[in-house]
>>> print(open('target-v2.txt').read())   # compact mmCIF, C-alpha atoms
# COMPACT_ATOMS: atom_id res chain seq x y z
CA MET K 180 28.22 14.27 -10.68
CA HIS K 181 29.83 10.94 -9.80
CA GLY K 182 29.35 11.86 -6.12
CA VAL K 183 25.67 12.51 -6.74
CA LEU K 184 25.42 9.12 -8.43
CA CYS K 185 26.98 7.40 -5.41
CA LYS K 186 24.59 9.16 -3.04
CA SER K 187 21.63 8.17 -5.23
CA LEU K 188 22.78 4.55 -5.13
CA ILE K 189 22.98 4.61 -1.33
CA LYS K 190 19.47 6.10 -1.06
CA GLY K 191 18.02 3.77 -3.68
CA ASP K 192 16.92 6.69 -5.86
CA TRP K 193 16.91 4.57 -8.99
CA CYS K 194 15.37 7.07 -11.37
CA SER K 195 18.14 9.54 -10.52
CA VAL K 196 20.70 6.76 -10.99
CA LYS K 197 19.24 6.03 -14.42
CA VAL K 198 19.28 9.70 -15.47
CA ILE K 199 22.86 10.24 -14.26
CA MET K 200 24.03 7.08 -16.05
CA ARG K 201 22.40 8.42 -19.20
CA PHE K 202 24.33 11.67 -18.68
CA PHE K 203 27.59 9.72 -18.42
CA ALA K 204 26.65 7.70 -21.52
CA LEU K 205 26.32 10.90 -23.52
CA GLN K 206 29.64 12.15 -22.13
CA VAL K 207 31.35 9.24 -23.89
CA ALA K 208 30.22 10.72 -27.21
CA THR K 209 31.90 14.00 -26.27
CA LYS K 210 35.18 12.21 -25.43
CA THR K 211 35.18 13.62 -21.88
CA ILE K 212 34.68 10.17 -20.31
CA SER K 213 36.47 7.12 -21.62
CA ALA K 214 34.41 4.31 -23.08
CA SER K 215 36.21 1.76 -20.91
CA THR K 216 35.15 3.62 -17.78
CA LEU K 217 31.50 3.58 -18.80
CA LEU K 218 31.67 -0.11 -19.67
CA SER K 219 33.15 -0.77 -16.25
CA MET K 220 30.19 1.05 -14.66
CA VAL K 221 27.74 -0.95 -16.77
CA ASP K 222 29.52 -4.16 -15.79
CA THR K 223 28.99 -3.25 -12.14
CA PHE K 224 25.23 -3.32 -12.71
CA LEU K 225 25.41 -6.54 -14.74
CA LYS K 226 27.73 -8.41 -12.35
CA PRO K 227 24.86 -9.75 -10.15
CA VAL K 228 23.26 -11.45 -13.18
CA ALA K 229 26.41 -12.66 -14.92
CA GLY K 230 28.02 -16.06 -14.65
CA GLN K 231 26.63 -18.53 -12.13
CA THR K 232 23.98 -16.08 -10.86
CA ALA K 233 22.49 -15.48 -14.32
CA GLY K 234 19.31 -17.42 -13.55
CA VAL K 235 18.40 -15.58 -10.34
CA VAL K 236 15.42 -13.27 -10.96
CA THR K 237 14.87 -10.66 -8.26
CA ALA K 238 13.54 -7.11 -8.10
CA GLN K 239 17.09 -5.96 -7.42
CA ASN K 240 18.56 -7.72 -10.44
CA SER K 241 15.75 -6.54 -12.73
CA CYS K 242 16.39 -2.95 -11.63
CA PHE K 243 20.14 -3.29 -12.25
CA VAL K 244 19.59 -4.82 -15.70
CA TYR K 245 17.12 -2.09 -16.63
CA ILE K 246 19.63 0.66 -15.73
CA ALA K 247 22.35 -1.12 -17.72
CA MET K 248 20.01 -1.37 -20.71
CA THR K 249 19.08 2.31 -20.69
CA THR K 250 22.75 3.28 -20.38
CA LEU K 251 23.86 1.11 -23.30
CA LEU K 252 20.97 2.43 -25.38
CA TRP K 253 22.41 5.94 -25.22
CA ALA K 254 26.07 4.98 -25.32
CA GLY K 255 25.84 2.37 -28.06
CA GLN K 256 26.90 4.60 -30.92
CA ALA K 257 30.04 5.73 -29.09
CA LEU K 258 30.84 2.29 -27.68
CA LYS K 259 30.61 0.53 -31.02
CA GLU K 260 33.94 2.18 -31.90
CA LEU K 261 35.52 -0.29 -29.44
CA GLY K 262 34.27 -3.11 -31.65
CA SER K 263 31.00 -4.96 -31.79
CA GLY K 264 32.29 -7.63 -29.40
CA GLU K 265 32.23 -5.31 -26.38
CA LEU K 266 28.57 -4.40 -26.89
CA GLU K 267 27.51 -7.90 -27.83
CA ALA K 268 29.09 -9.33 -24.69
CA ARG K 269 26.91 -7.08 -22.53
CA LEU K 270 23.85 -7.68 -24.67
CA SER K 271 24.36 -11.42 -24.32
CA VAL K 272 24.28 -11.16 -20.52
CA ILE K 273 21.16 -8.99 -20.72
CA GLU K 274 19.41 -11.36 -23.13
CA GLN K 275 20.07 -14.35 -20.88
CA TYR K 276 18.54 -12.56 -17.91
CA VAL K 277 15.57 -11.23 -19.87
CA ASP K 278 14.88 -14.73 -21.18
CA VAL K 279 14.87 -16.22 -17.68
CA HIS K 280 12.85 -13.27 -16.38
CA GLY K 281 10.22 -13.86 -19.05
CA LYS K 282 9.92 -17.56 -18.20
CA VAL K 283 9.65 -16.90 -14.47
CA ASN K 284 6.93 -14.31 -15.01
CA ALA K 285 5.13 -16.08 -17.87
CA ASP K 286 2.04 -16.81 -15.75
CA ASN K 287 2.23 -13.70 -13.60
CA THR K 288 -0.85 -11.54 -14.05
CA LEU K 289 -0.34 -9.44 -10.93
CA THR K 290 1.32 -6.69 -12.96
CA THR K 291 -0.91 -6.97 -16.04
CA VAL K 292 -3.09 -3.89 -16.42
CA LEU K 293 -5.06 -4.96 -19.49
CA HIS K 294 -5.62 -8.71 -19.65
CA ASP K 295 -6.51 -8.62 -23.35
CA ALA K 296 -3.06 -7.23 -24.24
CA PRO K 297 -0.28 -9.52 -25.55
CA THR K 298 1.53 -11.31 -22.71
CA LYS K 299 4.83 -9.71 -23.68
CA GLY K 300 3.28 -6.29 -23.27
CA ALA K 301 3.64 -6.53 -19.50
CA ASP K 302 7.28 -7.69 -19.66
CA VAL K 303 9.01 -4.34 -19.59
CA LEU K 304 12.51 -5.81 -19.84
CA ALA K 305 11.62 -7.80 -22.97
CA TYR K 306 10.08 -4.67 -24.49
CA MET K 307 13.19 -2.68 -23.62
CA LEU K 308 15.40 -5.36 -25.19
CA SER K 309 13.40 -5.20 -28.42
CA ILE K 310 13.98 -1.43 -28.47
CA MET K 311 17.71 -1.94 -27.98
CA ARG K 312 17.88 -4.47 -30.81
CA ALA K 313 15.99 -2.11 -33.11
CA VAL K 314 18.43 0.70 -32.28
CA ALA K 315 21.41 -1.66 -32.73
CA ASP K 316 20.14 -2.65 -36.18
CA ASP K 317 20.12 1.05 -37.04
CA GLY K 318 23.75 1.51 -36.03
CA TRP K 319 22.84 2.66 -32.51
CA ALA K 320 21.65 5.97 -33.93
CA ILE K 321 18.91 7.74 -31.95
CA ASP K 322 17.31 10.45 -34.05
CA ALA K 323 14.51 11.39 -31.68
CA VAL K 324 16.46 13.86 -29.55
CA CYS K 325 18.75 16.74 -30.50
CA ALA K 326 22.49 16.26 -29.96
CA PRO K 327 23.83 19.83 -29.61
CA TYR K 328 27.33 18.58 -28.72
CA THR K 329 27.86 17.62 -32.37
CA MET K 330 28.28 21.33 -33.15
CA PHE K 331 31.45 21.28 -31.04
CA ALA K 332 32.88 18.03 -32.39
CA SER K 333 36.26 19.58 -33.21
CA GLU K 334 36.70 20.93 -29.68
CA PHE K 335 35.60 17.70 -28.05
CA ALA K 336 37.96 15.72 -30.26
CA GLN K 337 40.81 17.31 -28.31
CA ALA K 338 39.17 16.93 -24.90
CA THR K 339 40.90 15.13 -22.05
CA GLN K 340 39.22 11.86 -21.25
CA HIS K 341 38.54 11.18 -17.59
CA GLU K 342 38.37 7.94 -15.64
CA LEU K 343 35.72 7.60 -12.95
CA PRO K 344 35.99 5.70 -9.66
CA ALA K 345 34.35 2.29 -9.43
CA LEU K 346 30.75 2.09 -8.23
CA GLU K 347 29.49 0.11 -5.27
CA LEU K 348 25.92 -1.18 -5.40
CA PRO K 349 23.80 -1.25 -2.24
CA VAL K 350 23.06 -4.65 -0.77
CA ASP K 351 20.71 -3.90 2.14
CA LEU K 352 17.77 -2.15 0.48
CA PRO K 353 14.28 -3.74 0.67
CA ALA K 354 12.99 -5.41 -2.51
CA SER K 355 10.12 -2.90 -2.72
CA SER K 356 12.59 -0.02 -3.19
CA TYR K 357 13.87 -1.21 -6.55
CA TYR K 358 12.49 0.30 -9.74
CA THR K 359 11.75 -0.67 -13.30
CA LEU K 360 9.83 1.23 -15.91
CA PRO K 361 6.03 0.84 -15.79
CA GLU K 362 4.26 -0.79 -18.69
CA PHE K 363 3.48 1.98 -21.19
CA LEU K 364 -0.18 1.75 -22.14
CA GLN K 365 -1.13 2.42 -25.74
CA LEU K 366 -4.40 4.34 -25.64
CA VAL K 367 -4.42 5.65 -29.20
CA PRO K 368 -3.03 4.13 -32.43
CA HIS K 369 0.61 4.90 -33.18
CA PRO K 370 2.56 4.32 -36.41
CA SER K 371 4.51 1.09 -35.91
CA GLU K 372 7.58 2.46 -37.69
CA TYR K 373 8.06 5.01 -34.87
CA THR K 374 8.27 2.53 -31.98
CA VAL K 375 11.79 3.59 -30.96
CA ARG K 376 10.99 7.28 -31.15
CA ARG K 377 7.85 6.72 -29.08
CA PHE K 378 9.79 4.90 -26.39
CA ILE K 379 12.51 7.60 -26.21
CA MET K 380 9.95 10.36 -25.89
CA MET K 381 7.84 8.55 -23.31
CA ASP K 382 10.96 7.67 -21.32
CA PHE K 383 11.84 11.38 -21.11
CA ILE K 384 8.27 12.19 -20.09
CA ALA K 385 8.31 9.46 -17.43
CA ASP K 386 11.61 10.73 -15.98
CA THR K 387 10.14 14.23 -15.72
CA VAL K 388 7.02 12.96 -13.93
CA ILE K 389 9.20 11.14 -11.39
CA GLN K 390 11.87 13.78 -10.82
CA LEU K 391 9.42 16.66 -10.35
CA GLU K 392 6.89 14.77 -8.23
CA GLY K 393 7.29 17.30 -5.43
CA ASN K 394 5.92 20.19 -7.51
CA ARG K 395 3.02 19.45 -9.85
CA LYS K 396 3.00 22.97 -11.32
CA ASP K 397 6.65 22.82 -12.34
CA CYS K 398 6.18 19.28 -13.58
CA ALA K 399 3.27 20.34 -15.82
CA LYS K 400 5.28 23.31 -17.13
CA TYR K 401 8.35 21.26 -18.03
CA LEU K 402 6.32 18.37 -19.44
CA MET K 403 4.87 20.69 -22.05
CA GLN K 404 8.39 21.78 -23.04
CA ILE K 405 9.92 18.34 -23.58
CA HIS K 406 9.05 18.32 -27.28
CA GLY K 407 11.61 21.12 -27.64
CA LEU K 408 14.32 18.47 -27.15
CA CYS K 409 13.20 16.66 -30.27
CA ASN K 410 14.65 16.87 -33.70
CA GLU K 411 12.38 18.38 -36.31
CA ASP K 412 9.47 16.22 -37.47
CA VAL K 413 9.97 13.61 -34.73
CA CYS K 414 6.51 14.24 -33.30
CA SER K 415 3.48 16.43 -33.90
CA VAL K 416 2.61 18.99 -31.23
CA MET K 417 -1.04 19.98 -31.11
CA THR K 418 -0.41 23.00 -28.87
CA THR K 419 1.84 24.61 -31.50
CA ALA K 420 0.05 23.40 -34.64
CA GLN K 421 -1.89 25.93 -36.68
CA HIS K 422 -4.70 23.40 -37.11
CA PRO K 423 -4.53 21.01 -34.13
CA GLU K 424 -7.72 19.28 -35.26
CA ASP K 425 -5.84 17.97 -38.30
CA VAL K 426 -3.16 16.21 -36.21
CA ASP K 427 -3.73 12.47 -36.58
CA PRO K 428 -2.13 10.01 -34.08
CA GLU K 429 -2.46 7.21 -36.61
CA THR K 430 -0.01 8.86 -39.03
CA SER K 431 2.40 10.60 -36.64
CA LEU K 432 3.48 10.57 -33.02
CA VAL K 433 1.42 13.15 -31.13
CA PHE K 434 3.23 14.59 -28.14
CA GLU K 435 0.15 15.34 -26.03
CA TYR K 436 -1.16 11.80 -26.39
CA MET K 437 2.20 10.41 -25.27
CA VAL K 438 2.02 12.60 -22.14
CA ALA K 439 -1.47 11.24 -21.42
CA GLU K 440 -0.33 7.64 -21.96
CA VAL K 441 2.58 8.03 -19.53
CA LEU K 442 0.28 9.63 -16.96
CA PHE K 443 -2.22 6.76 -17.10
CA SER K 444 0.58 4.19 -17.21
CA PHE K 445 1.84 5.47 -13.86
CA LEU K 446 -1.67 5.69 -12.44
CA THR K 447 -2.42 2.05 -13.29
CA GLN K 448 1.01 0.63 -12.43
CA LEU K 449 0.72 -2.68 -10.55
CA PRO K 450 0.92 -3.93 -7.89
CA GLU K 451 0.94 -0.32 -6.72
CA SER K 452 1.60 3.05 -8.29
CA GLN K 453 4.90 4.73 -7.51
CA PHE K 454 3.28 7.85 -6.04
CA ARG K 455 -0.09 8.66 -4.52
CA GLU K 456 -3.03 8.69 -6.91
CA MET K 457 -3.72 12.34 -6.14
CA TYR K 458 -0.38 13.35 -7.68
CA TYR K 459 -1.41 12.03 -11.08
CA THR K 460 -4.84 13.63 -10.73
CA SER K 461 -3.49 17.04 -9.76
CA LEU K 462 -0.88 16.84 -12.52
CA ALA K 463 -3.59 16.18 -15.13
CA ILE K 464 -5.54 19.15 -13.77
CA GLU K 465 -2.47 21.41 -14.09
CA LEU K 466 -1.84 20.19 -17.63
CA ARG K 467 -5.39 20.97 -18.65
CA LYS K 468 -5.18 24.42 -17.07
CA ALA K 469 -2.03 25.07 -19.12
CA GLU K 470 -3.72 24.09 -22.40
CA PRO K 471 -7.48 24.07 -21.65
CA GLN K 472 -8.95 23.12 -25.00
CA ILE K 473 -6.36 20.72 -26.40
CA LEU K 474 -5.51 18.83 -23.19
CA ALA K 475 -9.21 18.53 -22.32
CA ASN K 476 -9.82 16.74 -25.63
CA VAL K 477 -6.68 14.59 -25.31
CA LEU K 478 -7.50 13.43 -21.77
CA GLU K 479 -11.13 12.79 -22.66
CA THR K 480 -10.11 10.68 -25.66
CA ALA K 481 -7.67 8.71 -23.49
CA VAL K 482 -10.35 8.08 -20.84
CA ASP K 483 -12.89 7.03 -23.47
CA ASN K 484 -10.45 4.51 -24.89
CA ILE K 485 -9.68 3.12 -21.42
CA VAL K 486 -13.36 2.90 -20.48
CA ALA K 487 -14.01 0.94 -23.68
CA ARG K 488 -11.54 -1.66 -22.37
CA ILE K 489 -12.76 -1.70 -18.76
CA PRO K 490 -14.00 -5.33 -19.08
CA SER K 491 -10.39 -6.48 -19.60
CA MET K 492 -8.81 -4.12 -17.08
CA ASP K 493 -7.56 -5.22 -13.70
CA VAL K 494 -10.12 -4.35 -10.99
CA GLU K 495 -7.59 -2.36 -8.95
CA CYS K 496 -6.72 -0.23 -11.99
CA SER K 497 -10.40 0.30 -12.74
CA ASN K 498 -10.95 1.60 -9.21
CA ARG K 499 -7.98 3.96 -9.45
CA LEU K 500 -9.23 5.31 -12.77
CA SER K 501 -12.67 5.88 -11.23
CA ASN K 502 -11.10 7.86 -8.36
CA TRP K 503 -8.99 9.86 -10.82
CA LEU K 504 -11.91 10.65 -13.09
CA ALA K 505 -14.23 11.76 -10.28
CA VAL K 506 -11.72 14.25 -8.86
CA TYR K 507 -10.72 15.43 -12.34
CA ILE K 508 -14.34 16.11 -13.41
CA SER K 509 -15.12 17.84 -10.11
CA ASN K 510 -12.36 20.38 -10.78
CA PHE K 511 -13.95 21.52 -14.04
CA GLY K 512 -17.54 22.21 -13.08
CA TYR K 513 -18.61 18.56 -13.43
CA GLN K 514 -18.58 19.01 -17.21
CA TRP K 515 -18.15 15.83 -19.23
CA ASP K 516 -19.50 14.31 -22.41
CA TRP K 517 -22.09 12.30 -20.50
CA ALA K 518 -23.92 11.33 -23.70
CA LYS K 519 -21.19 8.75 -24.34
CA TRP K 520 -22.34 6.92 -21.21
CA GLU K 521 -25.91 6.46 -22.40
CA SER K 522 -25.17 3.07 -23.93
CA ALA K 523 -24.38 1.70 -20.46
CA VAL K 524 -27.96 2.24 -19.34
CA SER K 525 -29.12 -0.78 -21.32
CA GLU K 526 -26.34 -3.01 -19.98
CA GLN K 527 -26.77 -5.51 -17.15
CA ASP K 528 -26.14 -4.18 -13.64
CA ASP K 529 -23.11 -6.40 -13.13
CA THR K 530 -21.21 -5.51 -16.32
CA PRO K 531 -17.77 -3.98 -15.61
CA ARG K 532 -18.45 -0.89 -17.71
CA ARG K 533 -21.75 -0.07 -16.01
CA ARG K 534 -20.27 -0.71 -12.56
CA PHE K 535 -17.36 1.61 -13.38
CA MET K 536 -19.73 4.42 -14.38
CA GLN K 537 -21.92 3.94 -11.32
CA GLU K 538 -18.88 3.98 -9.02
CA THR K 539 -17.61 7.16 -10.65
CA LEU K 540 -20.98 8.88 -10.33
CA LEU K 541 -21.24 7.81 -6.68
CA LYS K 542 -17.85 9.41 -6.00
CA LEU K 543 -18.99 12.56 -7.80
CA VAL K 544 -22.05 12.71 -5.55
CA ARG K 545 -19.78 12.50 -2.52
CA LEU K 546 -17.65 15.34 -3.92
CA SER K 547 -20.76 17.44 -4.55
CA TYR K 548 -24.40 16.51 -3.88
CA LEU K 549 -26.98 14.32 -5.55
CA ASP K 550 -29.14 16.96 -7.21
CA ARG K 551 -26.11 18.76 -8.66
CA ILE K 552 -24.92 15.60 -10.38
CA LYS K 553 -28.38 14.71 -11.65
CA LEU K 554 -28.67 18.16 -13.24
CA GLN K 555 -25.42 17.58 -15.14
CA LEU K 556 -26.55 14.27 -16.61
CA PRO K 557 -28.81 13.69 -19.62
CA GLU K 558 -32.16 12.34 -18.49
CA SER K 559 -31.32 8.97 -19.99
CA CYS K 560 -28.27 8.62 -17.72
CA VAL K 561 -29.87 9.58 -14.42
CA GLU K 562 -30.67 5.97 -13.56
CA LEU K 563 -26.93 5.21 -13.52
CA VAL K 564 -26.64 7.25 -10.31
CA PRO K 565 -26.64 4.75 -7.43
>>> encode(input="target-v2.txt", output="structure tokens")
Amino acid sequence: MHGVLCKSLIKGDWCSVKVIMRFFALQVATKTISASTLLSMVDTFLKPVAGQTAGVVTAQNSCFVYIAMTTLLWAGQALKELGSGELEARLSVIEQYVDVHGKVNADNTLTTVLHDAPTKGADVLAYMLSIMRAVADDGWAIDAVCAPYTMFASEFAQATQHELPALELPVDLPASSYYTLPEFLQLVPHPSEYTVRRFIMMDFIADTVIQLEGNRKDCAKYLMQIHGLCNEDVCSVMTTAQHPEDVDPETSLVFEYMVAEVLFSFLTQLPESQFREMYYTSLAIELRKAEPQILANVLETAVDNIVARIPSMDVECSNRLSNWLAVYISNFGYQWDWAKWESAVSEQDDTPRRRFMQETLLKLVRLSYLDRIKLQLPESCVELVP
């Protein structure tokens, strides 16, 4: 596995690097990898931002800090046995960089999807640091995901600890190849007390979307199984609930809504999405085919909530959403709750919401033909067709 990690570093496959580092972090809890070895690996990622280079903000350094943060998040409970000083030393380096990163990007709106959101919402590293501090305050315990290795604690207690070779970070990769987590959009209300659980779940969902990009069918299948990794009562699952209509996102984390939020977060990632727009569209189509009734309602609710905020959305993101929605609707017989669009008829021609709906309808006409689309619309909405 260490060899795979080294190859991923050379290729700049940062999501794989992050996942493998998480694997090694969990190995520390099983006593198969020494804590000092993992800290040495983390230090390798933090070295470019430590000491005299602490104030240098680059895409490379942000990527390295992000990977170090995700690793410490999962290894914190095992590493705290070395003493709080070891963890705090790394957290101090991270905090210094995140602080400088926030100041440098304070006026940067190029990566802000929703301009009415809090400024800190677009600072993924600051958000990640707040998650780490919340987990640290709770003794570095993460209760969102099952830990099956605890059943074999007595065997692992006698395991031989291994040391791993030192890592070498690449130095010649282009800045555009480095990765940090996209800003997770919040499209439905979530209980504030479950912020850490929500992040852990959405991080797993995001990793699955990235790692299985080459096969949308497999990705959709495994996405709908991720909730099986959770401890009991961590999230509500509409597809397994006896009465899915009673599941309320305001009182519990709802798995299907988190999947939708990750999907739209990737779609609207700025300055450009990680993969082609069609991947996210085809993935949504596969998800709906897997759970026709429930996923149709979830995706429609998510779209309605985004459309309501179109006036504050970046124009590029609005255009991507329009492309996504047109192709998505065309794959399901052009069926949509068009009555919700009637209120746009009375709006001025240049309002963002009306323009979004007209653009979407124009794309639907191109995917079909004019009369077909007009037949699908209520009479009151026909004038929205360009």
>>> closest_residue(input="target-v2.txt", among="K:Phe434, K:Ile489, K:Ser501, K:Glu411", to="Leu446 of chain K", atoms="only C-alpha atoms")
K:Ser501
>>> atom_distance(input="target-v2.txt", atom1="atom CA of Ala229 of chain K", atom2="atom CA of Thr359 of chain K")
19.0 Å
>>> residues_near_point(input="target-v2.txt", point="(17.2, -7.8, -13.9)", cutoff="12 Å", atoms="all atoms listed in the file", output="JSON, numbers by chain")
{"K": [224, 225, 226, 227, 228, 229, 232, 233, 234, 235, 236, 237, 238, 239, 240, 241, 242, 243, 244, 245, 246, 247, 248, 272, 273, 274, 275, 276, 277, 278, 279, 280, 281, 283, 302, 303, 304, 305, 307, 308, 357, 358, 359, 360]}
>>> residues_around(input="target-v2.txt", residues="Leu474 of chain K", least_positions_apart="2", cutoff="10 Å", atoms="all atoms listed in the file", output="list in words")
Met417, Thr418, Glu435, Tyr436, Val438, Ala439, Ala463, Ile464, Glu465, Leu466, Arg467, Lys468, Ala469, Glu470, Pro471, Gln472, Asn476, Val477, Leu478, Glu479 and Thr480 of chain K
>>> closest_residue(input="target-v2.txt", among="K:Leu500, K:Leu563, K:Val524, K:Val196", to="Ser444 of chain K", atoms="all atoms listed in the file")
K:Leu500
>>> closest_residue(input="target-v2.txt", among="K:Phe331, K:Met180, K:Val375, K:Ile189", to="Leu252 of chain K", atoms="only C-alpha atoms")
K:Val375
>>> atom_distance(input="target-v2.txt", atom1="atom CA of Asn394 of chain K", atom2="atom CA of Ser187 of chain K")
19.9 Å
>>> decode(input="target-v2.txt", residues="segment 346-360 of chain K", atoms="N, CA, C and O atoms", output="CSV table (one decimal), in the first residue's frame")
chain,number,residue,atom,x,y,z
K,346,LEU,N,8.4,9.5,2.8
K,346,LEU,CA,7.7,10.0,1.5
K,346,LEU,C,8.5,11.1,0.9
K,346,LEU,O,9.1,11.9,1.5
K,347,GLU,N,8.4,11.2,-0.4
K,347,GLU,CA,8.9,12.3,-1.2
K,347,GLU,C,7.8,12.9,-2.0
K,347,GLU,O,7.1,12.2,-2.7
K,348,LEU,N,7.6,14.2,-1.8
K,348,LEU,CA,6.5,14.9,-2.4
K,348,LEU,C,7.0,15.4,-3.8
K,348,LEU,O,8.2,15.8,-4.0
K,349,PRO,N,6.1,15.4,-4.8
K,349,PRO,CA,6.5,15.9,-6.1
K,349,PRO,C,6.7,17.4,-6.1
K,349,PRO,O,6.1,18.1,-5.3
K,350,VAL,N,7.6,17.8,-7.0
K,350,VAL,CA,7.9,19.3,-7.0
K,350,VAL,C,7.6,19.9,-8.4
K,350,VAL,O,7.8,21.1,-8.6
K,351,ASP,N,7.3,19.0,-9.4
K,351,ASP,CA,7.2,19.6,-10.8
K,351,ASP,C,5.8,19.4,-11.4
K,351,ASP,O,5.7,19.5,-12.6
K,352,LEU,N,4.8,19.3,-10.5
K,352,LEU,CA,3.4,19.2,-11.1
K,352,LEU,C,2.9,20.6,-11.2
K,352,LEU,O,3.2,21.5,-10.5
K,353,PRO,N,2.0,20.8,-12.3
K,353,PRO,CA,1.4,22.1,-12.5
K,353,PRO,C,0.4,22.5,-11.3
K,353,PRO,O,-0.2,21.6,-10.7
K,354,ALA,N,0.3,23.8,-11.1
K,354,ALA,CA,-0.6,24.2,-10.0
K,354,ALA,C,-2.0,23.7,-10.1
K,354,ALA,O,-2.7,23.4,-9.1
K,355,SER,N,-2.5,23.6,-11.4
K,355,SER,CA,-3.9,23.1,-11.6
K,355,SER,C,-4.1,21.7,-11.2
K,355,SER,O,-5.3,21.3,-11.1
K,356,SER,N,-3.1,20.9,-11.0
K,356,SER,CA,-3.2,19.5,-10.7
K,356,SER,C,-3.5,19.2,-9.2
K,356,SER,O,-3.9,18.1,-8.8
K,357,TYR,N,-3.3,20.3,-8.4
K,357,TYR,CA,-3.5,20.1,-6.9
K,357,TYR,C,-4.9,20.2,-6.5
K,357,TYR,O,-5.7,20.9,-7.2
K,358,TYR,N,-5.3,19.5,-5.5
K,358,TYR,CA,-6.7,19.3,-5.1
K,358,TYR,C,-7.0,19.7,-3.7
K,358,TYR,O,-6.2,19.5,-2.8
K,359,THR,N,-8.1,20.4,-3.5
K,359,THR,CA,-8.7,20.5,-2.2
K,359,THR,C,-10.2,20.2,-2.3
K,359,THR,O,-10.8,20.3,-3.4
K,360,LEU,N,-10.8,20.0,-1.2
K,360,LEU,CA,-12.2,19.6,-1.2
K,360,LEU,C,-13.1,20.8,-1.7
K,360,LEU,O,-12.8,21.9,-1.4
